[in-house]
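Participant: This is the structure, below, for whatever I ask next.
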Amino acid sequence: ESNVLGAVTQHIITIIRSRGLFGPANVTVQTINGPAGTDPDQLATAGADYVPLDQVVHFAEFQTSEDVVVTINNDNMAEINETFSLQLVNPTNGARLDTQRTTASVVIPGNDDQYGVFSFIQAYNVSINEDSMPSVTFTIQRKQGAFGPVTLQWRAQSENSSNPVNNVLPEQLVQSFGTLHFEKDVTQKTLTVKLEQDTTPEPPSQFYIYLLSASPASKTSIVYPHVALIRSGSNDFASGIFQFTKTSRFAQVEPAATSVTLTVSRGGALTAESVMFSTVEISGTPQIYGQAVTAAVKDVDYVQKSQTLNFPISTVERKITITIQPRAVNGISVFNVTLSNPSFPSVLGTYTTAQVSIVRTQNHKKLLDDRTKLETEPVTPKDTQDVADDLDGLVPDIDPINDLDFFIGVTEKLINVSTFTCPSLYDQTFVRDRLMSIFSKLLSNVNQQPKLGDTVKKFAYSLLRCDTSCSRNVTLSTTNLAVQARARREYSGEAFVGQAPAGQRSDTLAFPRSLGETTGLNTCYNISFIEYYTSAWFQEGKPVLNNKVLSIDVEGQPLQSLSTGLTYRIYTTEKRVASKGGECLYWGYSPTGKWLQAGCERIGDSTSVDDQHVDCRCTRVGDLAARGITDERIGWRTTARVSCFVCIVMMFAVLLLHHIGHREEMMVATKLFLHLIFALMAMEIILVAAMYQANSTNTTGCFALGLLIHFFALAQFLWMSIMAYNFYRTFIFEDDETDRFYFRYIVGGWGAPAAAIILYALIAGSGLDWKSSRIYGDVHGTGDMCFITDVYAALLSGIIPVVLCAGTLTFHFIMIYKGGSAKAKWSTFDDFYLDSDNGVEVPRLIIFFAIISFTWLFGGLHLALGESWTEILFIVLNFAVTVYALIMYSFVRWHSLRTKGSFTPDQGNYPLGQLPTSLSTSRTSIGSSGSKKQLVLQRQPSANDPDLARMYRPSASSQGSYDEHAGYNQPRAGPLPEDDGTEFDDLMYMLKTGGSLPTSGFPDDEERHSDKQPLASEHYQMRRISIADTHL
C-alpha cells in the first residue's frame, strides 16, 4: 500500500492445476477475513483496505495455471500489518481441491510512519536563569501511529546545527543529552533541562535542544519543530559578589601580635567594583557557642578603622590590616569587621562579617581553630577527623568554667556537620568512635554538668540519619557509658537492656504498652537510650545506686509525662540493696538541677532484704536513677521471718496447753519454765516486728523496738538462771519450800532486765550525752534491725549480762550434777513434770537452754556480721527450738498435765486387803506450790495386772513443816533405816487409799532393799476410816 490517497495497488495471485489435465475445469476464487485466530486489529477490512473478490477461474484442457488480480486500496493513514485470505471453492468437471492448499493469506505491510512522527509541541524560545529559574520543561508529541515503542534521542548544543560534534554543554547543564522512551500508544513526553547550580559568575548565553533521531527509524520520522532555543541570563553576580575568604572569617591572634590581616574576595571580576569595610565593637556580652567571652574595646584593644576597598577589573582579592593593642584580660576578647555598600551591580555575599579573636590560652586557640574548620564550607572528611582528634586530646585540660560551653558547642557542631549529608555519622567510624571516647573522658573529668547529656542525645540521633527504612538499631559502649539508638515506626512497649556490670545482670528499661497508642505508623521515631556507668554529670545529694543513670528520650516528642509510666531496674554490684531508703528519681533541670521523686515510685517488694536491684516506675521521660542503701551484708530474709513466726505459734501453744492442762496450781519449776517460754515468744514477736518495720519506722519506733529486743533477750537468760538456781536449792539443799521464793523470782526475772536497761539508758543518755537514735536505733542504717547501735554499748549492756547469766546457769547445773549422793535422791523424783524423773527432765531442759542460747548467739552474730552462714545457723536453730518445744513440752507431757489432781478411790466392792487393779503412785514434789503433800493415783490402761505399780517415796526431805490443813510433818529423830522408811511410806499409802497390799507377787527382802519396794510378807490390813497424818 502506498500513501497516495485514492490510488490502488494490484497484485497477481497464481492458481495451480496439477495431475489430471484432461478436459476443461473451473474453480471459484473468493476473498475472506482471516486467517482464523488473527488479532482483530490486524484484520484487513474489505472495501476499505482491499477490493472484495468472487471470481470463477477457467482452465482449458491441459492448462496448468491461471492468474487472479487482487486490488489493494491506498490511503495516508498509519497502519500496522493487516491480513486477509483467499480461498478456492466449487471445482467443476470432476476436478477436486488440494485440501492442504485451498487458502492463501495476504498481508498488507504496516505503512505511513506507523510508530509515529515526533516533534516539539510548539516552537520553543525560552529564557532561564541559574540564580532565579534554573530549569525549563518541554513537551514532545508523537503523531500518526503509535503502534509500537520508540526511543527518541535528544542533545543540547551551543549552535543551531544538526552536527553535534564539539557542541555539547556538559559544564553548564545537569544533563546535556539523553533519551526519551515512548511506550506503545503513548503520544506525549516531557523533557526537563536544568542548569548546574555553581558559584562561577557567567555572562548571558544561549543554546539549543535538538531532537536527533528516533528508533526504529524505518517506522518513525522527526519533523519541525524539532529544535528549541534556550536563553540563559548572567548569573552568580558576574559583576562581583564580596565576602571574606574562608581563612579570614574567624581570625585569631595572640596578645603579643600588633595587627591582624583579613582577606576580602570577589566572585566575578568582569568590571571594576568597590566595597566598604569597618571594625565594629560588639555590644553586650558576646558568646562563642554559648561560652561567654569579653568584648574588645575600640581604640583600646584595637584601632577603629573604616575604609573603601577598590577592585579593578579581574581583581578578585584585597587585604585588610587592623592594628591591635590588647589589654591584659582573661579569656577571649573579640571584635568584628564587616563589609557594606558594594558598588552596583555587585552585591554582598554570605560571609560579610569576620570575627577577630584575641586568644590567651592554648585550649581556646585549638577550639577556635576547630570552629573555623567546621564553620567554613565545604567541610571535608579530613576536617571532621582533625577536629575529633583535637577535641579528644583537649578533654583532660578542660576548665568547666571557662572552656566547657565552648567545648560543647564545637562538639555539637562536629555532630551536626557530620550528618548534613548521607552517609551519616554512623558510617563515619573514626569520628563516631572519637566522640564516644570524648564523652567517656568527660564523665571522668567533669562533674555536675548534666547539660552534657543533651549533647550525647544529639550524638545518638545523629547515628540514625539517612536510615530510610526506619529500622536501624545502633549500640556503642565505652568505659563510662553506652549509647543505644533505635529507629521505629511504633515504640509501644519498647524495651532496652543495658550493659551488665561484672558478675551482675543487666539493667533494663521498658516503655509502657500505652505509650504509642496515639502515634501513627507512618512516622519514624528516633529513640535514644543512654546508660551512664558513672553519675558524675548528675551529682547532687546522696549518691545514686551503683552510680548508674539511665536516660531515655524520643526525638521531637514532648513525652515529659506519661499516664502509665515506664519501668526500669537498676542493679548493684554489692550483695544487696537494703529495704530501707529505696528511692526512684528523675533529674529536674529547672529551676535548679537536682534529683526529684515526684512521679516516680519504687515497685515490687520494697521490704525484700535479698534483692540486688531496685525496681521503679516513673511517669517522666528523661534521666532516671535510683537510690538505695547497699552493702555486702545479708539481711533478715523471708526464711528467717518464717522461722520466727513458727516459733511464736509454738511457744503460744506451749503456754496455752500448760494453762489448760493444769487443774490446780503448777509446780514452781513449771511456772518458772513458762516465764521463760513467754520471754522467748515475746522476743520472737518483737524480732519479727523489727524485721518488717525497721526499714520504715521513725526514730522513736526504732528506739522502742530495740529496747524491747534488749529487754526480752536479757529476760530469757535471766529466767534460765533462775530455773537453775531453783533446782540447785531443791536438789542440793533439799529445800521443799522454794515456792516461798516465787515472788522474788518474778521480781528478779522481769525487774533485773528492766533495771539493766534503765541503767544503760541513763549512762548513755546523761553520762555520754548520746542521742536516742544511738542508744537504740537502726544498727547499720539499712533498715534491717533496731537494737543498740554502738558496738561497745552492745558488748557492755547486751552481751556481758547474757554471758554472766549463762555462766551462772552453767555453774548451778554443774553443782547439781556434782552433788554426789544427792543426785541419787533428786534424779528419781519428779519436780518438773509428774510421772517423769528429774533425771530425764533436767537433761532435756539443759538441751533446751543450750538450743535457745545458741539461737540467739548466731542471731547476734548475724546482726553484727550479716553473713549467709550466720543467718542459716540462726534459722536452723530457731526451727530446732520450735520442734524441740513441740515434741518435749507439748506432745510428750500432755498426759502428765491432764492427770494432775487428787485421786478419789473407787468405792466398788473389792476383796478385803486387795486394791483396785493397776494403781501407781507419784511422789509429792519437794518444790511443790504449798506445803500440803498430795498423793496422786492413776489408773493404768491394763486391767489384767494384779500387781501394784512402783511405789514412790512421798518426800526426800527430813525437814519438818506445818500445814494448817494437813497438820505437822514431823522430822524423824535420825535417819530411818531403808526398810523402815519404805514401810512407813507403804503404810501411809494404804491409809490414804483405804486399800490393802496383795499377798503375793512381791519381791523378796534382797530385792526390796535394792528396789525400794515392799516385802511380800508385809501385809497391811487397812480399815476404811478417815485418819489424819497427825494420828499416824
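Identifiers for the C-alpha cells are assigned positionally: chains receive A, B, ... in sequence, residues are indexed from 1 per chain, and ligands are indexed from 1 in the order shown.
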Run DSSP on the backbone of this structure and report the residues of range 241-487 of chain A it assigns to strand (DSSP E), as an MDAnalysis selection string.
Facilitator: chainID A and resid 241:244 250:253 259:266 273:280 287:288 291:292 294:295 306:311 317:323 333:340 347:348 353:358 473:477 481:487
Participant: Counting only C-alpha atoms, what are the residues of range 325-412 of chain A within 10 Å of range 437-442 of chain A, and for each of them which pair of atoms is the nearest and at what distance in Å, to one decimal? Sort the table by chain and rising number, as a tab-separated table.
Facilitator:
```
residue	atom	partner	partner_atom	distance
A:Ala388	CA	A:Ile438	CA	8.6
A:Asp389	CA	A:Ile438	CA	9.4
A:Leu391	CA	A:Ile438	CA	7.1
A:Asp392	CA	A:Ile438	CA	5.2
A:Gly393	CA	A:Ile438	CA	8.5
A:Leu394	CA	A:Ile438	CA	9.0
A:Val395	CA	A:Leu442	CA	6.4
A:Pro396	CA	A:Lys441	CA	7.4
A:Ile398	CA	A:Leu442	CA	8.8
A:Leu404	CA	A:Leu442	CA	9.9
A:Thr411	CA	A:Ile438	CA	9.2
```
Participant: With distances taken over only C-alpha atoms, which residue among A:Ala640, A:Pro378, A:Leu152, A:Lys580 lies nearest Gly781 in chain A?
Facilitator: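 When distances to Gly781 in chain A are compared using only C-alpha atoms, the smallest one comes from A:Lys580.
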Participant: Could you give me, as a PyMOL selection string, the residues within 12 Å of Leu596 in chain A, counting only C-alpha atoms and dropping anything in the same chain fewer than 2 positions from it?
Facilitator: chain A and resi 538+540-541+544+583-594+598-601+618+620+622-627
Participant: Keeping N, CA and C atoms for every residue in the selection just given, could you write it to a file as a PDB file, in the first residue's frame?
Facilitator:
```
ATOM      1  N   PHE A 538      25.643  14.148  87.057  1.00  0.00           N
ATOM      2  CA  PHE A 538      24.369  14.337  87.764  1.00  0.00           C
ATOM      3  C   PHE A 538      24.559  14.244  89.274  1.00  0.00           C
ATOM      4  N   GLU A 540      24.361  15.195  92.913  1.00  0.00           N
ATOM      5  CA  GLU A 540      23.567  16.101  93.753  1.00  0.00           C
ATOM      6  C   GLU A 540      23.021  15.278  94.900  1.00  0.00           C
ATOM      7  N   GLY A 541      23.300  15.729  96.110  1.00  0.00           N
ATOM      8  CA  GLY A 541      22.803  14.998  97.271  1.00  0.00           C
ATOM      9  C   GLY A 541      23.509  13.664  97.423  1.00  0.00           C
ATOM     10  N   VAL A 544      23.640   8.028  93.792  1.00  0.00           N
ATOM     11  CA  VAL A 544      22.603   7.154  93.270  1.00  0.00           C
ATOM     12  C   VAL A 544      23.122   5.729  93.230  1.00  0.00           C
ATOM     13  N   GLU A 583      14.740   4.775  96.722  1.00  0.00           N
ATOM     14  CA  GLU A 583      14.073   5.898  96.060  1.00  0.00           C
ATOM     15  C   GLU A 583      14.233   5.756  94.557  1.00  0.00           C
ATOM     16  N   CYS A 584      13.207   6.189  93.818  1.00  0.00           N
ATOM     17  CA  CYS A 584      13.255   6.251  92.359  1.00  0.00           C
ATOM     18  C   CYS A 584      13.243   7.730  91.963  1.00  0.00           C
ATOM     19  N   LEU A 585      14.134   8.114  91.062  1.00  0.00           N
ATOM     20  CA  LEU A 585      14.407   9.527  90.832  1.00  0.00           C
ATOM     21  C   LEU A 585      14.427   9.870  89.346  1.00  0.00           C
ATOM     22  N   TYR A 586      14.149  11.130  89.042  1.00  0.00           N
ATOM     23  CA  TYR A 586      14.410  11.678  87.710  1.00  0.00           C
ATOM     24  C   TYR A 586      15.091  13.026  87.900  1.00  0.00           C
ATOM     25  N   TRP A 587      15.871  13.436  86.903  1.00  0.00           N
ATOM     26  CA  TRP A 587      16.645  14.662  87.014  1.00  0.00           C
ATOM     27  C   TRP A 587      15.810  15.846  86.563  1.00  0.00           C
ATOM     28  N   GLY A 588      15.624  16.785  87.476  1.00  0.00           N
ATOM     29  CA  GLY A 588      14.907  18.007  87.146  1.00  0.00           C
ATOM     30  C   GLY A 588      15.889  19.106  86.771  1.00  0.00           C
ATOM     31  N   TYR A 589      15.753  19.649  85.560  1.00  0.00           N
ATOM     32  CA  TYR A 589      16.711  20.640  85.072  1.00  0.00           C
ATOM     33  C   TYR A 589      16.412  22.059  85.547  1.00  0.00           C
ATOM     34  N   SER A 590      15.150  22.338  85.863  1.00  0.00           N
ATOM     35  CA  SER A 590      14.816  23.703  86.281  1.00  0.00           C
ATOM     36  C   SER A 590      13.927  23.624  87.522  1.00  0.00           C
ATOM     37  N   PRO A 591      13.979  24.639  88.390  1.00  0.00           N
ATOM     38  CA  PRO A 591      14.835  25.831  88.264  1.00  0.00           C
ATOM     39  C   PRO A 591      16.309  25.542  88.534  1.00  0.00           C
ATOM     40  N   THR A 592      16.610  24.538  89.349  1.00  0.00           N
ATOM     41  CA  THR A 592      17.992  24.136  89.587  1.00  0.00           C
ATOM     42  C   THR A 592      18.071  22.634  89.386  1.00  0.00           C
ATOM     43  N   GLY A 593      19.171  22.191  88.827  1.00  0.00           N
ATOM     44  CA  GLY A 593      19.314  20.772  88.551  1.00  0.00           C
ATOM     45  C   GLY A 593      19.460  19.952  89.816  1.00  0.00           C
ATOM     46  N   LYS A 594      18.560  18.995  90.016  1.00  0.00           N
ATOM     47  CA  LYS A 594      18.661  18.092  91.162  1.00  0.00           C
ATOM     48  C   LYS A 594      17.754  16.894  90.931  1.00  0.00           C
ATOM     49  N   ALA A 598       9.005  13.222  92.451  1.00  0.00           N
ATOM     50  CA  ALA A 598       7.614  13.381  92.026  1.00  0.00           C
ATOM     51  C   ALA A 598       7.376  12.601  90.742  1.00  0.00           C
ATOM     52  N   GLY A 599       6.354  11.739  90.781  1.00  0.00           N
ATOM     53  CA  GLY A 599       6.015  10.953  89.595  1.00  0.00           C
ATOM     54  C   GLY A 599       6.768   9.649  89.472  1.00  0.00           C
ATOM     55  N   CYS A 600       7.679   9.377  90.402  1.00  0.00           N
ATOM     56  CA  CYS A 600       8.445   8.138  90.372  1.00  0.00           C
ATOM     57  C   CYS A 600       8.201   7.373  91.673  1.00  0.00           C
ATOM     58  N   GLU A 601       8.090   6.060  91.578  1.00  0.00           N
ATOM     59  CA  GLU A 601       7.841   5.242  92.758  1.00  0.00           C
ATOM     60  C   GLU A 601       8.567   3.910  92.639  1.00  0.00           C
ATOM     61  N   CYS A 618       8.164   5.272  86.604  1.00  0.00           N
ATOM     62  CA  CYS A 618       8.273   6.720  86.554  1.00  0.00           C
ATOM     63  C   CYS A 618       7.424   7.247  85.410  1.00  0.00           C
ATOM     64  N   ARG A 620       7.859  10.090  84.143  1.00  0.00           N
ATOM     65  CA  ARG A 620       8.696  11.085  83.484  1.00  0.00           C
ATOM     66  C   ARG A 620       9.616  10.394  82.490  1.00  0.00           C
ATOM     67  N   GLY A 622      13.291  11.013  80.642  1.00  0.00           N
ATOM     68  CA  GLY A 622      14.486  11.824  80.778  1.00  0.00           C
ATOM     69  C   GLY A 622      15.592  11.017  81.416  1.00  0.00           C
ATOM     70  N   ASP A 623      16.297  11.634  82.362  1.00  0.00           N
ATOM     71  CA  ASP A 623      17.413  10.999  83.044  1.00  0.00           C
ATOM     72  C   ASP A 623      16.896  10.401  84.346  1.00  0.00           C
ATOM     73  N   LEU A 624      17.032   9.084  84.497  1.00  0.00           N
ATOM     74  CA  LEU A 624      16.435   8.351  85.608  1.00  0.00           C
ATOM     75  C   LEU A 624      17.518   7.644  86.420  1.00  0.00           C
ATOM     76  N   ALA A 625      17.243   7.481  87.710  1.00  0.00           N
ATOM     77  CA  ALA A 625      18.189   6.793  88.595  1.00  0.00           C
ATOM     78  C   ALA A 625      17.417   6.252  89.790  1.00  0.00           C
ATOM     79  N   ALA A 626      18.129   5.638  90.698  1.00  0.00           N
ATOM     80  CA  ALA A 626      17.531   5.125  91.936  1.00  0.00           C
ATOM     81  C   ALA A 626      18.546   5.296  93.056  1.00  0.00           C
ATOM     82  N   ARG A 627      18.021   5.342  94.253  1.00  0.00           N
ATOM     83  CA  ARG A 627      18.879   5.357  95.423  1.00  0.00           C
ATOM     84  C   ARG A 627      18.526   4.170  96.303  1.00  0.00           C
TER      85      ARG A 627
END
```
Participant: So that I can see what lies close to His364 in chain A, please list as a PyMOL selection string the residues with an atom at most 9 Å from it, counting only C-alpha atoms and leaving out residues fewer than 5 positions away in the same chain.
Facilitator: chain A and resi 331-332+359+369+403+406
Participant: Could you dump the residues just selected with N, CA, C and O atoms as a short mmCIF file (atom, residue, chain, number, x, y, z; two decimals), in the first residue's frame?
Facilitator:
```
data_model
loop_
_atom_site.label_atom_id
_atom_site.label_comp_id
_atom_site.auth_asym_id
_atom_site.auth_seq_id
_atom_site.Cartn_x
_atom_site.Cartn_y
_atom_site.Cartn_z
N GLY A 331 40.74 35.13 79.33
CA GLY A 331 39.84 34.59 78.33
C GLY A 331 40.07 35.17 76.95
O GLY A 331 41.18 35.57 76.58
N ILE A 332 38.95 35.24 76.19
CA ILE A 332 39.00 35.65 74.80
C ILE A 332 38.36 37.04 74.67
O ILE A 332 37.31 37.31 75.26
N VAL A 359 43.29 35.62 71.57
CA VAL A 359 43.27 34.38 72.33
C VAL A 359 44.44 34.36 73.30
O VAL A 359 45.58 34.69 72.94
N ASP A 369 40.37 27.22 66.29
CA ASP A 369 40.81 26.60 65.03
C ASP A 369 39.81 25.56 64.56
O ASP A 369 39.47 25.48 63.37
N ASP A 403 35.92 26.89 79.76
CA ASP A 403 36.08 26.20 78.48
C ASP A 403 34.91 25.32 78.08
O ASP A 403 34.73 25.04 76.90
N PHE A 406 32.17 26.32 75.40
CA PHE A 406 32.82 26.42 74.09
C PHE A 406 33.10 25.03 73.55
O PHE A 406 32.87 24.73 72.38
#
```
Participant: Given only C-alpha atoms as the basis, pick out the residue of A:Glu377, A:Asp433, A:Asp198, A:Asp185 nearest to Pro134 in chain A.
Facilitator: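 Comparing A:Glu377, A:Asp433, A:Asp198, A:Asp185 against Pro134 in chain A, the winner is A:Asp198.
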Participant: Would you please work out which residue, of A:Arg637, A:Arg101, A:His181, A:Arg360, is nearest to Gln87 in chain A when using only C-alpha atoms?
Facilitator: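 Residue with the minimum atom-to-atom distance to Gln87 in chain A: A:Arg101.
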Participant: At a cut-off of 7 Å, using only C-alpha atoms, what residues contact Val337 in chain A? Leave out same-chain residues fewer than 5 positions from it and give the result as a list in words.
Facilitator: Phe277, Ser278, Thr279, Val280, Thr353, Ala354 and Gln355 of chain A
Participant: Under the rule that only C-alpha atoms are counted, which of A:Asn445, A:Thr258, A:Thr139, A:Thr220 is the nearest residue to Gln325 in chain A?
Facilitator: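 Closest to Gln325 in chain A of all the choices is A:Thr258.
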Participant: I need the residues of range 645-715 of chain A that end up classed as helix (DSSP H, G or I) by DSSP on the backbone, written out as a PyMOL selection string.
Facilitator: chain A and resi 645-661+668-693+699-715
Participant: Do a neighbour search on range 207-214 of chain A at 10 Å with only C-alpha atoms, toss out local chain neighbours closer than 2 positions, and write the hits as an MDAnalysis selection string.
Facilitator: chainID A and resid 115:120 124:125 138 140 150:164 167:169 176:177 179:181 191 193 205 216:232
Participant: Might you pull out every residue within 12 Å of range 307-322 of chain A, with only C-alpha atoms counted and same-chain residues fewer than 5 positions away left off, and present them as an MDAnalysis selection string?
Facilitator: chainID A and resid 201 238:245 248 251 253 257:280 298:299 301:302 335:343 346 354 356
Participant: In Å, with one decimal, what is the gap from CA of Asp615 in chain A to CA of Thr567 in chain A?
Facilitator: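 CA of Thr567 in chain A lies 7.4 Å from CA of Asp615 in chain A.
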Participant: Given the choices A:Thr71, A:Gln597, A:Ser772, A:Ser65, which gets closest to Ile12 in chain A if the distance is worked out from only C-alpha atoms?
Facilitator: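 Among the listed residues, A:Thr71 lies closest to Ile12 in chain A.
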Participant: Would you mind telling me which residue in A:Leu795, A:Lys246, A:Asp390, A:Tyr289 lies nearest to Thr350 in chain A when using only C-alpha atoms?
Facilitator: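 Once distances to Thr350 in chain A are computed over only C-alpha atoms, the minimum belongs to A:Lys246.
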